[in-house]
>>> print(open('structure_7.pdb').read())   # PDB, C-alpha atoms
ATOM      1  CA  MET A   1      -1.554  12.694 -19.221
ATOM      2  CA  SER A   2      -0.576   9.127 -20.117
ATOM      3  CA  SER A   3      -3.164   6.620 -21.212
ATOM      4  CA  GLU A   4      -4.993   4.556 -18.625
ATOM      5  CA  LYS A   5      -3.026   1.385 -19.342
ATOM      6  CA  ASP A   6       0.335   2.781 -18.189
ATOM      7  CA  LEU A   7      -0.552   5.579 -15.755
ATOM      8  CA  ARG A   8       0.890   5.082 -12.272
ATOM      9  CA  VAL A   9      -1.439   5.897  -9.398
ATOM     10  CA  ASP A  10      -0.102   6.721  -5.936
ATOM     11  CA  ILE A  11      -2.414   5.448  -3.195
ATOM     12  CA  ILE A  12      -1.338   7.249  -0.022
ATOM     13  CA  ILE A  13      -2.573   5.971   3.342
ATOM     14  CA  PRO A  14      -1.726   8.198   6.342
ATOM     15  CA  THR A  15      -2.084   6.387   9.655
ATOM     16  CA  PHE A  16      -1.473   6.843  13.360
ATOM     17  CA  ASN A  17      -1.841   4.036  15.926
ATOM     18  CA  ARG A  18      -4.197   1.990  13.748
ATOM     19  CA  ALA A  19      -2.382  -1.360  13.907
ATOM     20  CA  HIS A  20      -5.761  -3.040  14.364
ATOM     21  CA  LEU A  21      -7.114  -1.574  11.092
ATOM     22  CA  ILE A  22      -4.212  -0.725   8.811
ATOM     23  CA  GLU A  23      -3.712  -4.139   7.208
ATOM     24  CA  ARG A  24      -7.293  -4.198   5.962
ATOM     25  CA  ALA A  25      -6.771  -0.805   4.314
ATOM     26  CA  VAL A  26      -3.482  -1.930   2.748
ATOM     27  CA  GLN A  27      -5.011  -5.141   1.420
ATOM     28  CA  ALA A  28      -7.902  -3.215  -0.115
ATOM     29  CA  ALA A  29      -5.445  -0.864  -1.825
ATOM     30  CA  LEU A  30      -3.189  -3.669  -3.083
ATOM     31  CA  ASN A  31      -6.220  -5.614  -4.303
ATOM     32  CA  GLN A  32      -7.441  -2.779  -6.514
ATOM     33  CA  SER A  33      -8.305  -4.084  -9.975
ATOM     34  CA  TYR A  34      -6.108  -1.419 -11.577
ATOM     35  CA  TRP A  35      -2.612  -2.865 -11.695
ATOM     36  CA  ASN A  36      -0.242   0.099 -11.951
ATOM     37  CA  ARG A  37      -0.307   1.582  -8.474
ATOM     38  CA  LEU A  38       2.074   2.205  -5.619
ATOM     39  CA  VAL A  39       0.583   1.915  -2.141
ATOM     40  CA  THR A  40       2.398   4.188   0.314
ATOM     41  CA  VAL A  41       1.619   4.067   4.022
ATOM     42  CA  VAL A  42       2.783   7.159   5.907
ATOM     43  CA  ASP A  43       3.078   6.092   9.540
ATOM     44  CA  ASP A  44       2.702   9.363  11.448
ATOM     45  CA  GLY A  45       4.922   8.400  14.396
ATOM     46  CA  SER A  46       2.787   5.523  15.674
ATOM     47  CA  ASN A  47       3.787   3.946  18.968
ATOM     48  CA  ASP A  48       1.776   0.768  18.502
ATOM     49  CA  ALA A  49       2.459  -2.342  16.370
ATOM     50  CA  THR A  50       1.802  -0.701  12.986
ATOM     51  CA  LYS A  51       5.309  -1.340  11.643
ATOM     52  CA  HIS A  52       5.282  -4.963  12.794
ATOM     53  CA  VAL A  53       1.875  -5.589  11.201
ATOM     54  CA  LEU A  54       3.054  -4.233   7.847
ATOM     55  CA  GLN A  55       6.503  -5.892   7.753
ATOM     56  CA  PRO A  56       5.312  -8.801   5.550
ATOM     57  CA  TYR A  57       4.649  -6.260   2.760
ATOM     58  CA  PHE A  58       8.075  -4.600   2.832
ATOM     59  CA  SER A  59       9.491  -6.758   0.039
ATOM     60  CA  ARG A  60       6.716  -5.878  -2.408
ATOM     61  CA  PRO A  61       7.787  -3.437  -5.154
ATOM     62  CA  ASP A  62       4.252  -1.956  -5.236
ATOM     63  CA  PHE A  63       4.314  -1.090  -1.527
ATOM     64  CA  SER A  64       6.165   1.589   0.407
ATOM     65  CA  TYR A  65       6.150   2.147   4.160
ATOM     66  CA  ILE A  66       7.385   5.512   5.415
ATOM     67  CA  GLN A  67       7.755   5.825   9.191
ATOM     68  CA  LEU A  68       7.970   9.407  10.441
ATOM     69  CA  LYS A  69      10.152  10.068  13.493
ATOM     70  CA  LYS A  70       7.487  12.172  15.174
ATOM     71  CA  ASN A  71       3.740  12.669  14.960
ATOM     72  CA  LEU A  72       2.988  15.616  12.661
ATOM     73  CA  GLY A  73      -0.792  15.325  12.306
ATOM     74  CA  THR A  74      -3.013  14.057   9.495
ATOM     75  CA  ALA A  75      -2.581  16.970   7.101
ATOM     76  CA  SER A  76       1.201  16.922   7.445
ATOM     77  CA  ALA A  77       1.292  13.137   6.989
ATOM     78  CA  LYS A  78      -0.634  13.568   3.743
ATOM     79  CA  ASN A  79       1.783  16.277   2.666
ATOM     80  CA  ALA A  80       4.716  13.996   3.512
ATOM     81  CA  GLY A  81       3.183  11.338   1.286
ATOM     82  CA  LEU A  82       2.781  13.880  -1.502
ATOM     83  CA  LEU A  83       6.347  15.177  -1.168
ATOM     84  CA  LEU A  84       7.888  11.698  -1.356
ATOM     85  CA  THR A  85       5.889  10.148  -4.216
ATOM     86  CA  GLY A  86       5.966  11.083  -7.882
ATOM     87  CA  GLY A  87       3.091   9.414  -9.721
ATOM     88  CA  PRO A  88       1.014  11.441 -12.211
ATOM     89  CA  ALA A  89      -2.199  10.626 -10.312
ATOM     90  CA  VAL A  90      -2.793  10.559  -6.555
ATOM     91  CA  THR A  91      -5.511   9.304  -4.230
ATOM     92  CA  PHE A  92      -5.708   9.079  -0.442
ATOM     93  CA  HIS A  93      -7.310   6.283   1.573
ATOM     94  CA  ASP A  94      -7.899   6.482   5.313
ATOM     95  CA  SER A  95      -6.914   3.538   7.485
ATOM     96  CA  ASP A  96     -10.587   2.954   8.316
ATOM     97  CA  ASP A  97     -11.789   3.109   4.687
ATOM     98  CA  ILE A  98     -13.222   0.071   2.931
ATOM     99  CA  VAL A  99     -12.785   0.737  -0.769
ATOM    100  CA  HIS A 100     -14.529  -0.985  -3.669
ATOM    101  CA  ARG A 101     -12.146  -3.163  -5.681
ATOM    102  CA  ASP A 102     -12.744  -1.112  -8.840
ATOM    103  CA  LYS A 103     -12.609   2.329  -7.211
ATOM    104  CA  VAL A 104      -9.279   3.451  -8.696
ATOM    105  CA  LEU A 105     -10.037   1.894 -12.090
ATOM    106  CA  ARG A 106     -13.402   3.641 -12.292
ATOM    107  CA  GLN A 107     -11.845   6.962 -11.285
ATOM    108  CA  LEU A 108      -8.940   6.604 -13.700
ATOM    109  CA  ARG A 109     -11.218   5.904 -16.651
ATOM    110  CA  VAL A 110     -12.842   9.287 -16.049
ATOM    111  CA  LEU A 111      -9.604  11.142 -15.288
ATOM    112  CA  THR A 112      -8.062  10.059 -18.606
ATOM    113  CA  ARG A 113     -11.082  10.755 -20.822
ATOM    114  CA  GLN A 114     -10.275  12.772 -23.930
ATOM    115  CA  ASP A 115     -13.868  13.524 -24.971
ATOM    116  CA  VAL A 116     -14.991  15.882 -22.191
ATOM    117  CA  MET A 117     -16.205  19.192 -23.595
ATOM    118  CA  ALA A 118     -17.104  22.526 -22.013
ATOM    119  CA  ASN A 119     -20.785  22.499 -22.901
ATOM    120  CA  GLU A 120     -21.837  25.802 -24.428
ATOM    121  CA  CYS A 121     -24.995  26.054 -22.342
ATOM    122  CA  LEU A 122     -22.942  26.499 -19.154
ATOM    123  CA  ASN A 123     -21.117  29.542 -17.798
ATOM    124  CA  TRP A 124     -17.546  28.311 -18.216
ATOM    125  CA  ALA A 125     -16.033  31.789 -18.033
ATOM    126  CA  THR A 126     -16.368  31.682 -14.236
ATOM    127  CA  SER A 127     -13.906  28.755 -14.213
ATOM    128  CA  GLY A 128     -11.509  30.269 -16.693
ATOM    129  CA  LYS A 129     -12.533  27.906 -19.494
ATOM    130  CA  GLN A 130     -13.835  28.581 -22.992
ATOM    131  CA  SER A 131     -17.182  27.107 -23.998
ATOM    132  CA  GLY A 132     -17.064  24.523 -26.758
ATOM    133  CA  THR A 133     -13.472  23.428 -26.088
ATOM    134  CA  ARG A 134     -12.117  20.114 -24.795
ATOM    135  CA  ILE A 135     -11.256  20.107 -21.108
ATOM    136  CA  ASP A 136      -9.267  17.778 -18.855
ATOM    137  CA  VAL A 137     -10.816  16.378 -15.697
ATOM    138  CA  ASP A 138      -8.662  17.395 -12.705
ATOM    139  CA  ALA A 139     -10.246  15.304  -9.959
ATOM    140  CA  VAL A 140     -12.664  12.382  -9.755
ATOM    141  CA  LEU A 141     -14.688  11.925  -6.576
ATOM    142  CA  THR A 142     -17.108   9.163  -5.646
ATOM    143  CA  HIS A 143     -20.132   8.863  -3.450
ATOM    144  CA  HIS A 144     -19.657   6.854  -0.279
ATOM    145  CA  SER A 145     -21.395   5.195   2.635
ATOM    146  CA  LEU A 146     -20.761   6.300   6.196
ATOM    147  CA  ILE A 147     -21.232   3.901   9.112
ATOM    148  CA  LEU A 148     -21.749   5.883  12.314
ATOM    149  CA  PRO A 149     -20.694   4.702  15.801
ATOM    150  CA  ASP A 150     -24.329   3.855  16.627
ATOM    151  CA  GLY A 151     -24.466   1.455  13.654
ATOM    152  CA  ARG A 152     -26.511   3.629  11.304
ATOM    153  CA  GLN A 153     -25.406   3.678   7.682
ATOM    154  CA  VAL A 154     -25.778   6.930   5.773
ATOM    155  CA  ASP A 155     -25.266   7.093   2.009
ATOM    156  CA  ILE A 156     -23.572  10.337   0.991
ATOM    157  CA  ARG A 157     -24.932  11.378  -2.396
ATOM    158  CA  ARG A 158     -25.259  15.145  -2.120
ATOM    159  CA  ASN A 159     -23.381  16.695  -5.025
ATOM    160  CA  LEU A 160     -24.491  20.169  -3.954
ATOM    161  CA  SER A 161     -22.666  19.757  -0.663
ATOM    162  CA  LEU A 162     -19.379  20.193  -2.554
ATOM    163  CA  ILE A 163     -20.012  23.919  -2.254
ATOM    164  CA  ASP A 164     -21.655  24.012   1.178
ATOM    165  CA  ASP A 165     -19.250  26.632   2.473
ATOM    166  CA  VAL A 166     -20.211  28.939  -0.393
ATOM    167  CA  PHE A 167     -23.960  28.333  -0.600
ATOM    168  CA  PRO A 168     -25.171  27.007   2.784
ATOM    169  CA  ASN A 169     -28.705  27.815   1.631
ATOM    170  CA  LEU A 170     -28.488  24.665  -0.540
ATOM    171  CA  GLN A 171     -27.666  22.366   2.367
ATOM    172  CA  MET A 172     -31.046  21.790   3.946
ATOM    173  CA  GLY A 173     -31.757  18.146   4.748
ATOM    174  CA  ALA A 174     -28.210  16.884   5.327
ATOM    175  CA  GLU A 175     -28.278  13.860   7.677
ATOM    176  CA  VAL A 176     -24.820  14.396   9.198
ATOM    177  CA  PRO A 177     -22.609  17.488   9.568
ATOM    178  CA  GLY A 178     -20.334  17.875   6.579
ATOM    179  CA  ASP A 179     -22.564  15.663   4.393
ATOM    180  CA  TRP A 180     -20.387  15.984   1.293
ATOM    181  CA  THR A 181     -18.954  13.701  -1.337
ATOM    182  CA  HIS A 182     -15.672  12.440   0.073
ATOM    183  CA  VAL A 183     -12.763  14.552  -1.161
ATOM    184  CA  ASN A 184     -10.009  12.661   0.645
ATOM    185  CA  SER A 185     -10.406   9.536  -1.517
ATOM    186  CA  GLY A 186     -10.708  11.473  -4.772
ATOM    187  CA  LEU A 187      -8.277  10.758  -7.600
ATOM    188  CA  PHE A 188      -6.299  13.872  -8.522
ATOM    189  CA  ARG A 189      -4.006  14.795 -11.358
ATOM    190  CA  GLN A 190      -0.502  15.716 -10.269
ATOM    191  CA  GLU A 191      -1.115  19.079 -11.940
ATOM    192  CA  VAL A 192      -3.740  19.905  -9.293
ATOM    193  CA  PHE A 193      -1.082  19.889  -6.570
ATOM    194  CA  ALA A 194       1.452  21.652  -8.806
ATOM    195  CA  ARG A 195      -1.051  24.488  -9.344
ATOM    196  CA  PHE A 196      -2.753  24.738  -5.970
ATOM    197  CA  GLY A 197      -0.307  23.285  -3.447
ATOM    198  CA  GLY A 198      -0.818  20.757  -0.686
ATOM    199  CA  PHE A 199      -2.953  20.537   2.444
ATOM    200  CA  GLU A 200      -3.349  23.226   5.078
ATOM    201  CA  ASN A 201      -2.026  22.126   8.465
ATOM    202  CA  CYS A 202      -5.412  21.822  10.152
ATOM    203  CA  ILE A 203      -8.065  19.177  10.853
ATOM    204  CA  GLU A 204     -10.356  20.635   8.192
ATOM    205  CA  GLU A 205      -7.683  20.034   5.556
ATOM    206  CA  ASP A 206      -9.983  18.121   3.170
ATOM    207  CA  ARG A 207     -12.673  20.775   3.350
ATOM    208  CA  GLU A 208     -10.220  23.605   2.684
ATOM    209  CA  PHE A 209      -8.534  21.722  -0.165
ATOM    210  CA  ARG A 210     -11.912  20.932  -1.728
ATOM    211  CA  ASN A 211     -12.884  24.618  -1.708
ATOM    212  CA  ARG A 212      -9.498  25.777  -2.972
ATOM    213  CA  ILE A 213      -9.450  23.587  -6.071
ATOM    214  CA  ILE A 214     -13.128  24.080  -6.953
ATOM    215  CA  LEU A 215     -13.137  27.840  -6.482
ATOM    216  CA  ASN A 216      -9.938  28.122  -8.521
ATOM    217  CA  GLY A 217     -11.657  26.412 -11.447
ATOM    218  CA  ALA A 218     -10.533  22.767 -11.197
ATOM    219  CA  ILE A 219     -12.731  20.380 -13.179
ATOM    220  CA  VAL A 220     -14.281  17.923 -10.720
ATOM    221  CA  TRP A 221     -16.238  14.854 -11.845
ATOM    222  CA  VAL A 222     -18.371  12.941  -9.326
ATOM    223  CA  ILE A 223     -19.043   9.242  -9.943
ATOM    224  CA  PRO A 224     -22.570   8.610  -8.625
ATOM    225  CA  GLU A 225     -21.959   5.055  -7.353
ATOM    226  CA  LEU A 226     -20.949   4.251  -3.779
ATOM    227  CA  LEU A 227     -17.323   3.117  -4.184
ATOM    228  CA  LEU A 228     -16.189   3.599  -0.603
ATOM    229  CA  THR A 229     -17.405   2.875   2.919
ATOM    230  CA  LYS A 230     -16.130   4.986   5.781
ATOM    231  CA  ILE A 231     -16.420   3.735   9.350
ATOM    232  CA  GLU A 232     -16.623   6.300  12.148
ATOM    233  CA  THR A 233     -14.964   4.709  15.185
ATOM    234  CA  SER A 234     -14.550   6.088  18.701
ATOM    235  CA  ASP A 235     -10.984   7.171  17.911
ATOM    236  CA  SER A 236     -11.850   8.881  14.616
ATOM    237  CA  LEU A 237     -11.064  12.598  14.393
ATOM    238  CA  THR A 238     -14.743  13.419  14.039
ATOM    239  CA  GLN A 239     -15.571  11.491  17.228
ATOM    240  CA  SER A 240     -12.720  12.650  19.466
ATOM    241  CA  ALA A 241     -13.634  15.400  21.928
ATOM    242  CA  ALA A 242     -10.532  17.335  20.847
ATOM    243  CA  SER A 243     -11.404  17.307  17.153
ATOM    244  CA  ASP A 244     -15.102  16.532  16.737
ATOM    245  CA  TYR A 245     -17.473  18.849  14.899
ATOM    246  CA  ASP A 246     -18.051  20.994  18.017
ATOM    247  CA  SER A 247     -14.442  21.202  19.221
ATOM    248  CA  ALA A 248     -12.656  24.538  19.572
ATOM    249  CA  GLN A 249      -9.997  23.467  17.059
ATOM    250  CA  ARG A 250     -12.519  22.511  14.397
ATOM    251  CA  ARG A 251     -14.478  25.719  14.967
ATOM    252  CA  ALA A 252     -11.267  27.713  14.456
ATOM    253  CA  ASP A 253     -10.497  25.713  11.318
ATOM    254  CA  ARG A 254     -13.958  26.389   9.936
ATOM    255  CA  ASP A 255     -13.416  30.102  10.505
ATOM    256  CA  MET A 256     -10.217  29.825   8.471
ATOM    257  CA  VAL A 257     -12.031  27.955   5.694
ATOM    258  CA  TRP A 258     -14.810  30.533   5.567
ATOM    259  CA  ALA A 259     -12.263  33.377   5.552
ATOM    260  CA  LYS A 260     -10.813  31.864   2.393
ATOM    261  CA  VAL A 261     -14.288  31.768   0.857
ATOM    262  CA  ALA A 262     -14.538  35.473   1.642
ATOM    263  CA  GLU A 263     -11.146  35.940  -0.033
ATOM    264  CA  TRP A 264     -12.503  34.184  -3.130
ATOM    265  CA  ARG A 265     -15.612  36.374  -3.177
ATOM    266  CA  SER A 266     -13.394  39.446  -2.992
ATOM    267  CA  THR A 267     -10.579  38.494  -5.390
ATOM    268  CA  GLY A 268     -11.956  35.641  -7.507
ATOM    269  CA  LYS A 269      -9.274  33.177  -6.412
ATOM    270  CA  ILE A 270      -7.714  31.441  -3.430
ATOM    271  CA  ALA A 271      -3.942  31.437  -3.019
ATOM    272  CA  PRO A 272      -2.007  28.158  -3.378
ATOM    273  CA  VAL A 273      -0.724  26.500  -0.192
ATOM    274  CA  PRO A 274       3.012  25.728  -0.404
ATOM    275  CA  VAL A 275       3.952  22.748   1.745
ATOM    276  CA  ASP A 276       6.142  23.609   4.733
ATOM    277  CA  LEU A 277       7.342  20.631   6.769
ATOM    278  CA  PRO A 278      10.529  21.725   8.548
ATOM    279  CA  ASP A 279      10.116  18.910  11.118
ATOM    280  CA  LEU A 280       9.907  16.140   8.516
ATOM    281  CA  GLU A 281      12.229  13.311   9.547
ATOM    282  CA  ILE A 282      12.084   9.696   8.422
ATOM    283  CA  GLU A 283      12.754   6.909  10.901
ATOM    284  CA  PHE A 284      12.491   4.146   8.300
ATOM    285  CA  ALA A 285      11.520   3.668   4.656
ATOM    286  CA  SER A 286      10.894   0.137   3.408
ATOM    287  CA  ASN A 287      11.307   1.004  -0.272
ATOM    288  CA  PRO A 288      13.874   3.806  -0.763
ATOM    289  CA  ALA A 289      13.687   3.436  -4.539
ATOM    290  CA  ALA A 290      10.049   4.576  -4.396
ATOM    291  CA  LEU A 291      10.896   7.918  -2.773
ATOM    292  CA  VAL A 292      10.694  10.663  -5.405
ATOM    293  CA  ALA A 293      10.387  14.426  -4.917
ATOM    294  CA  ARG A 294       7.059  15.600  -6.313
ATOM    295  CA  ASP A 295       6.696  18.827  -8.284
ATOM    296  CA  ILE A 296       4.609  20.796  -5.813
ATOM    297  CA  PRO A 297       4.928  24.279  -4.266
ATOM    298  CA  MET A 298       6.977  24.037  -1.082
ATOM    299  CA  SER A 299       9.165  26.209   1.100
ATOM    300  CA  LYS A 300      12.915  26.278   0.450
ATOM    301  CA  ARG A 301      13.634  24.577   3.769
ATOM    302  CA  THR A 302      11.130  21.828   2.952
ATOM    303  CA  ALA A 303      12.732  21.309  -0.470
ATOM    304  CA  LYS A 304      16.090  20.830   1.255
ATOM    305  CA  THR A 305      14.510  18.477   3.794
ATOM    306  CA  VAL A 306      13.000  16.356   1.022
ATOM    307  CA  ARG A 307      16.359  16.104  -0.756
ATOM    308  CA  ASP A 308      18.050  15.091   2.492
ATOM    309  CA  VAL A 309      15.353  12.532   3.338
ATOM    310  CA  ILE A 310      15.633  10.852  -0.058
ATOM    311  CA  ALA A 311      19.445  10.823   0.094
ATOM    312  CA  THR A 312      19.670   9.387   3.615
ATOM    313  CA  SER A 313      16.901   6.790   3.177
ATOM    314  CA  TRP A 314      19.323   4.667   1.141
ATOM    315  CA  LYS A 315      21.730   4.486   4.090
ATOM    316  CA  GLN A 316      19.337   2.949   6.614
ATOM    317  CA  PRO A 317      19.579  -0.723   7.648
ATOM    318  CA  VAL A 318      17.353  -3.089   5.663
ATOM    319  CA  ILE A 319      14.877  -5.234   7.572
ATOM    320  CA  ASN A 320      14.931  -8.940   6.774
ATOM    321  CA  THR A 321      11.181  -9.429   6.433
ATOM    322  CA  LYS A 322      11.427 -13.212   6.734
ATOM    323  CA  GLU A 323      13.260 -12.973  10.040
ATOM    324  CA  ALA A 324      10.913 -10.228  11.228
ATOM    325  CA  ALA A 325       7.878 -12.396  10.464
ATOM    326  CA  GLU A 326       9.386 -15.245  12.470
TER     327      GLU A 326
END
>>> encode(input="structure_7.pdb", output="structure tokens")
Amino acid sequence: MSSEKDLRVDIIIPTFNRAHLIERAVQAALNQSYWNRLVTVVDDGSNDATKHVLQPYFSRPDFSYIQLKKNLGTASAKNAGLLLTGGPAVTFHDSDDIVHRDKVLRQLRVLTRQDVMANECLNWATSGKQSGTRIDVDAVLTHHSLILPDGRQVDIRRNLSLIDDVFPNLQMGAEVPGDWTHVNSGLFRQEVFARFGGFENCIEEDREFRNRIILNGAIVWVIPELLLTKIETSDSLTQSAASDYDSAQRRADRDMVWAKVAEWRSTGKIAPVPVDLPDLEIEFASNPAALVARDIPMSKRTAKTVRDVIATSWKQPVINTKEAAE
């Protein structure tokens, strides 16, 4: 991987009907102290003023707005962002995240370290590594604060919760369901997606992805500082009756996640997840030059769709951002 000073980081922000929040998330991403980043907002078919709010940023070379023709869901919006960006490192920010200014810089410093060794006192064979050798960090996570709808703030610092689906006997004392270090805002090497695929099309996509990379031996480093604040609002997925922790859909997704843990116990690995987005259509892309096909497992029809999307994005009308602002 390239050195820290020239490594491009893709910051992908999936959003749906968050016109009232999205600009704050974009500003936080653009104001990151690390300079070499491309901020890509994937608008998952919003029908509010999201596009209008973000029009003043369309002329920036470090910003890309991708408007999907139809709502595909959070996991698919993340996959769309992955498919259409090509940086060697990737992180995801939610539209209701408040990120520390140095978050990406702190993560990148760890991701690019060349002095990380497989300590000989640990059982590295279970992760397919050889003790005493140098290893690359695959993903860098951070601790975070969670502000609940009732105003309580909970600091998430439970490293053990990264494996809560494997060893629930280690989870006693968690203050909120799913009390784990936030995977969604982790910084990942491109190679992680090339090896393990994208996100499952479900509302437990972060949880499943976390398990898949860890149980397949990815090297995960957790920065102990709180570099992110998440705000649970009434329209958050975890608060909606259709997708909260007790919903039928989330229960079904958890069953799927646990079935994959059983697969790992039986076979020692979890299969990659090729991205399949046959319904991917782009209504508008503010920065066609930023659209690049990523090297990631995908279905043949999705590969064709990505090629078509990139080719046709150059033919769309260009918005005059000055006139739009007026």
>>> closest_residue(input="structure_7.pdb", among="A:Ile156, A:Asn287, A:Met298, A:Asp96", to="Val39 in chain A", atoms="all atoms listed in the file")
A:Asn287
>>> resolve_selection(input="structure_7.pdb", expression="the PyMOL selection byres ((chain A and resi 203-210) around 8)", output="VMD selection string")
chain A and resid 74 to 75 162 183 to 184 198 to 202 211 to 214 243 249 to 250 253 to 254 257
>>> closest_atom_pairs(input="structure_7.pdb", of="range 81-119 of chain A", to="range 52-65 of chain A", cutoff="12 Å", atoms="all atoms listed in the file", output="Markdown table")
| residue | atom | partner | partner_atom | distance |
| --- | --- | --- | --- | --- |
| A:Gly81 | CA | A:Tyr65 | CA | 10.1 |
| A:Leu84 | CA | A:Ser64 | CA | 10.4 |
| A:Thr85 | CA | A:Ser64 | CA | 9.7 |
>>> resolve_selection(input="structure_7.pdb", expression="the PyMOL selection byres ((chain A and resi 314) around 9)", output="PyMOL selection string")
chain A and resi 285+287-289+310-313+315-317
>>> resolve_selection(input="structure_7.pdb", expression="the PyMOL selection byres ((chain A and resi 12) around 9)", output="PyMOL selection string")
chain A and resi 10-11+13-14+38-42+78+81-82+85+90-94
>>> closest_residue(input="structure_7.pdb", among="A:Leu7, A:Leu72, A:Ile231, A:Val26", to="Ser46 in chain A", atoms="all atoms listed in the file")
A:Leu72
>>> atom_distance(input="structure_7.pdb", atom1="CA of Pro297 in chain A", atom2="CA of Arg8 in chain A")
21.2 Å
>>> atom_distance(input="structure_7.pdb", atom1="CA of Leu108 in chain A", atom2="CA of Glu191 in chain A")
14.8 Å
>>> decode(input="structure_7.pdb", residues="range 117-129 of chain A", atoms="N, CA, C and O atoms", output="PDB file, in the first residue's frame")
ATOM      1  N   MET A 117       3.974  -6.623  13.894  1.00  0.00           N
ATOM      2  CA  MET A 117       4.462  -8.003  13.858  1.00  0.00           C
ATOM      3  C   MET A 117       3.446  -8.960  14.475  1.00  0.00           C
ATOM      4  O   MET A 117       2.676  -8.581  15.367  1.00  0.00           O
ATOM      5  N   ALA A 118       3.450 -10.187  14.003  1.00  0.00           N
ATOM      6  CA  ALA A 118       2.628 -11.248  14.590  1.00  0.00           C
ATOM      7  C   ALA A 118       3.368 -11.769  15.818  1.00  0.00           C
ATOM      8  O   ALA A 118       4.271 -12.604  15.708  1.00  0.00           O
ATOM      9  N   ASN A 119       2.994 -11.252  16.971  1.00  0.00           N
ATOM     10  CA  ASN A 119       3.691 -11.592  18.207  1.00  0.00           C
ATOM     11  C   ASN A 119       3.661 -13.094  18.455  1.00  0.00           C
ATOM     12  O   ASN A 119       2.620 -13.747  18.341  1.00  0.00           O
ATOM     13  N   GLU A 120       4.811 -13.634  18.814  1.00  0.00           N
ATOM     14  CA  GLU A 120       4.959 -15.089  18.923  1.00  0.00           C
ATOM     15  C   GLU A 120       4.233 -15.691  20.121  1.00  0.00           C
ATOM     16  O   GLU A 120       4.128 -16.918  20.220  1.00  0.00           O
ATOM     17  N   CYS A 121       3.729 -14.857  21.013  1.00  0.00           N
ATOM     18  CA  CYS A 121       3.013 -15.409  22.163  1.00  0.00           C
ATOM     19  C   CYS A 121       1.526 -15.622  21.850  1.00  0.00           C
ATOM     20  O   CYS A 121       0.776 -16.084  22.715  1.00  0.00           O
ATOM     21  N   LEU A 122       1.109 -15.276  20.638  1.00  0.00           N
ATOM     22  CA  LEU A 122      -0.297 -15.409  20.261  1.00  0.00           C
ATOM     23  C   LEU A 122      -0.481 -16.518  19.231  1.00  0.00           C
ATOM     24  O   LEU A 122       0.443 -16.862  18.487  1.00  0.00           O
ATOM     25  N   ASN A 123      -1.704 -17.029  19.154  1.00  0.00           N
ATOM     26  CA  ASN A 123      -2.012 -18.167  18.290  1.00  0.00           C
ATOM     27  C   ASN A 123      -2.386 -17.692  16.879  1.00  0.00           C
ATOM     28  O   ASN A 123      -3.551 -17.719  16.471  1.00  0.00           O
ATOM     29  N   TRP A 124      -1.399 -17.277  16.115  1.00  0.00           N
ATOM     30  CA  TRP A 124      -1.655 -16.696  14.804  1.00  0.00           C
ATOM     31  C   TRP A 124      -2.092 -17.721  13.765  1.00  0.00           C
ATOM     32  O   TRP A 124      -2.646 -17.354  12.718  1.00  0.00           O
ATOM     33  N   ALA A 125      -1.844 -18.993  14.023  1.00  0.00           N
ATOM     34  CA  ALA A 125      -2.228 -20.012  13.046  1.00  0.00           C
ATOM     35  C   ALA A 125      -3.728 -20.003  12.787  1.00  0.00           C
ATOM     36  O   ALA A 125      -4.182 -20.322  11.676  1.00  0.00           O
ATOM     37  N   THR A 126      -4.520 -19.622  13.776  1.00  0.00           N
ATOM     38  CA  THR A 126      -5.979 -19.603  13.597  1.00  0.00           C
ATOM     39  C   THR A 126      -6.410 -18.536  12.593  1.00  0.00           C
ATOM     40  O   THR A 126      -7.526 -18.583  12.078  1.00  0.00           O
ATOM     41  N   SER A 127      -5.542 -17.547  12.337  1.00  0.00           N
ATOM     42  CA  SER A 127      -5.853 -16.498  11.367  1.00  0.00           C
ATOM     43  C   SER A 127      -5.052 -16.650  10.085  1.00  0.00           C
ATOM     44  O   SER A 127      -5.019 -15.731   9.256  1.00  0.00           O
ATOM     45  N   GLY A 128      -4.398 -17.787   9.946  1.00  0.00           N
ATOM     46  CA  GLY A 128      -3.639 -18.026   8.730  1.00  0.00           C
ATOM     47  C   GLY A 128      -2.357 -17.231   8.630  1.00  0.00           C
ATOM     48  O   GLY A 128      -1.839 -17.011   7.533  1.00  0.00           O
ATOM     49  N   LYS A 129      -1.822 -16.788   9.758  1.00  0.00           N
ATOM     50  CA  LYS A 129      -0.588 -16.005   9.773  1.00  0.00           C
ATOM     51  C   LYS A 129       0.509 -16.789  10.481  1.00  0.00           C
ATOM     52  O   LYS A 129       0.236 -17.689  11.279  1.00  0.00           O
TER      53      LYS A 129
END
